[in-house]
Amino acid sequence: MKDIKEIFTTAREFLKIEKVEFGGPKGKELGHKLSTVFSEFNEAYSAFSIRTYDCLDPDELEFVCDHREFTLKVRELEQRMSLIVEQAFNDTATPTAFLTVVQLLGSFIQRPILKAQFS
């Protein structure tokens with residue numbers, strides 16, 4: 001059950017980034033990178049969600065393998081997101097702009113890899 005909760009929590013966080021738009025001189029470039037990360041997550045999540053096995057069955061080894069692959073993909077995407085967020089923070093010229101980036105990304109910054117980088 002813990003794994004299923006983690007999947008839905010991850011999906012909720014990643015789905016939020018679809019609507020994020022950055023401003024500033026590099027906003028378009030960062031937005032494109034963010035869009036690519038979102039698309040790759042969507043592909044991984046869709047592939048995972050169309051599986052037909054019973055994910056509540058603890059003996060279902062296919063779920064365990066698929067969950068592991070999904071988790072590895074999410075980690076890779078989080079690492080790429082951390083670079084995008086770092087660029088966005090570096091491009092802020094004022095404290096207000098910095099806070100705007102934080103507000104845009106919301107709780108996504110609390111994802112493990114990002115939280116470790118920016119704490």
# chains A, B, ... in the order shown; residues from 1 in each chain; ligands from 1
>>> residues_around(residues="range 96-110 of chain A", least_positions_apart="6", cutoff="10 Å", atoms="only C-alpha atoms", output="NGL selection string")
:A and (10 or 12-17 or 19-24 or 78 or 81-82 or 85 or 88-90 or 116-119)
>>> closest_residue(among="A:Ile50, A:Glu69, A:Val74, A:Ile84", to="His32 in chain A", atoms="only C-alpha atoms")
A:Ile84
>>> residues_around(residues="Leu77 in chain A", least_positions_apart="6", cutoff="9 Å", atoms="only C-alpha atoms", output="NGL selection string")
:A and (37-38 or 40-41)
>>> select_by_dssp(residues="chain A", states="alpha helix (DSSP H)", output="number ranges by chain")
A: 2-16, 27-49, 61-90, 95-105, 112-118
>>> residues_around(residues="Ala44 in chain A", least_positions_apart="4", cutoff="8 Å", atoms="only C-alpha atoms", output="PyMOL selection string")
chain A and resi 40+48+70+73
>>> closest_residue(among="A:Asp91, A:Glu29, A:Glu86, A:Asp3", to="Val64 in chain A", atoms="only C-alpha atoms")
A:Asp3
>>> residues_around(residues="Met1 in chain A", least_positions_apart="2", cutoff="10 Å", atoms="only C-alpha atoms", output="PDB file with C-alpha atoms, in the first residue's frame")
ATOM      1  CA  ASP A   3       4.214   1.961  -2.805  1.00  0.00           C
ATOM      2  CA  ILE A   4       0.812   2.796  -4.268  1.00  0.00           C
ATOM      3  CA  LYS A   5       0.520   5.891  -2.080  1.00  0.00           C
ATOM      4  CA  GLU A   6       4.009   6.954  -3.189  1.00  0.00           C
ATOM      5  CA  ILE A   7       3.041   6.565  -6.857  1.00  0.00           C
ATOM      6  CA  CYS A  55      -1.063  -4.076  -7.541  1.00  0.00           C
ATOM      7  CA  LEU A  56      -2.568  -4.868  -4.129  1.00  0.00           C
ATOM      8  CA  ASP A  57      -1.346  -8.455  -4.350  1.00  0.00           C
ATOM      9  CA  PRO A  58       1.913  -8.569  -2.363  1.00  0.00           C
TER      10      PRO A  58
END
>>> atom_distance(atom1="CA of Lys115 in chain A", atom2="CA of Glu43 in chain A")
24.4 Å
>>> decode(residues="range 29-75 of chain A", atoms="C-alpha atoms", output="PDB file, in the first residue's frame")
ATOM      1  CA  GLU A  29      14.322  27.716 -22.451  1.00  0.00           C
ATOM      2  CA  LEU A  30      13.523  26.636 -18.887  1.00  0.00           C
ATOM      3  CA  GLY A  31       9.878  26.155 -19.823  1.00  0.00           C
ATOM      4  CA  HIS A  32      10.872  23.887 -22.693  1.00  0.00           C
ATOM      5  CA  LYS A  33      13.088  21.801 -20.391  1.00  0.00           C
ATOM      6  CA  LEU A  34      10.279  21.607 -17.842  1.00  0.00           C
ATOM      7  CA  SER A  35       7.835  20.556 -20.541  1.00  0.00           C
ATOM      8  CA  THR A  36      10.203  17.773 -21.618  1.00  0.00           C
ATOM      9  CA  VAL A  37      10.471  16.488 -18.038  1.00  0.00           C
ATOM     10  CA  PHE A  38       6.685  16.602 -17.711  1.00  0.00           C
ATOM     11  CA  SER A  39       6.203  14.694 -20.989  1.00  0.00           C
ATOM     12  CA  GLU A  40       8.661  12.000 -19.967  1.00  0.00           C
ATOM     13  CA  PHE A  41       6.959  11.628 -16.607  1.00  0.00           C
ATOM     14  CA  ASN A  42       3.576  11.399 -18.296  1.00  0.00           C
ATOM     15  CA  GLU A  43       4.860   8.612 -20.566  1.00  0.00           C
ATOM     16  CA  ALA A  44       6.303   6.651 -17.626  1.00  0.00           C
ATOM     17  CA  TYR A  45       3.176   7.126 -15.520  1.00  0.00           C
ATOM     18  CA  SER A  46       0.853   6.178 -18.376  1.00  0.00           C
ATOM     19  CA  ALA A  47       2.863   3.040 -19.140  1.00  0.00           C
ATOM     20  CA  PHE A  48       2.776   2.098 -15.473  1.00  0.00           C
ATOM     21  CA  SER A  49      -0.923   2.864 -14.995  1.00  0.00           C
ATOM     22  CA  ILE A  50      -2.179   0.737 -17.898  1.00  0.00           C
ATOM     23  CA  ARG A  51      -0.797  -2.465 -16.393  1.00  0.00           C
ATOM     24  CA  THR A  52      -3.511  -5.025 -15.692  1.00  0.00           C
ATOM     25  CA  TYR A  53      -2.137  -6.924 -12.711  1.00  0.00           C
ATOM     26  CA  ASP A  54      -3.426  -6.565  -9.160  1.00  0.00           C
ATOM     27  CA  CYS A  55      -1.063  -4.076  -7.541  1.00  0.00           C
ATOM     28  CA  LEU A  56      -2.568  -4.868  -4.129  1.00  0.00           C
ATOM     29  CA  ASP A  57      -1.346  -8.455  -4.350  1.00  0.00           C
ATOM     30  CA  PRO A  58       1.913  -8.569  -2.363  1.00  0.00           C
ATOM     31  CA  ASP A  59       3.050 -11.621  -4.351  1.00  0.00           C
ATOM     32  CA  GLU A  60       2.787  -9.801  -7.685  1.00  0.00           C
ATOM     33  CA  LEU A  61       6.435  -9.631  -8.749  1.00  0.00           C
ATOM     34  CA  GLU A  62       5.630  -7.774 -11.946  1.00  0.00           C
ATOM     35  CA  PHE A  63       4.356  -4.848  -9.864  1.00  0.00           C
ATOM     36  CA  VAL A  64       7.550  -4.838  -7.817  1.00  0.00           C
ATOM     37  CA  CYS A  65       9.680  -4.701 -10.987  1.00  0.00           C
ATOM     38  CA  ASP A  66       7.504  -2.039 -12.609  1.00  0.00           C
ATOM     39  CA  HIS A  67       7.503   0.034  -9.437  1.00  0.00           C
ATOM     40  CA  ARG A  68      11.297  -0.133  -9.275  1.00  0.00           C
ATOM     41  CA  GLU A  69      11.599   1.016 -12.911  1.00  0.00           C
ATOM     42  CA  PHE A  70       9.106   3.811 -12.334  1.00  0.00           C
ATOM     43  CA  THR A  71      10.964   4.958  -9.220  1.00  0.00           C
ATOM     44  CA  LEU A  72      14.284   5.017 -11.084  1.00  0.00           C
ATOM     45  CA  LYS A  73      12.727   7.109 -13.864  1.00  0.00           C
ATOM     46  CA  VAL A  74      11.254   9.521 -11.304  1.00  0.00           C
ATOM     47  CA  ARG A  75      14.654   9.930  -9.653  1.00  0.00           C
TER      48      ARG A  75
END
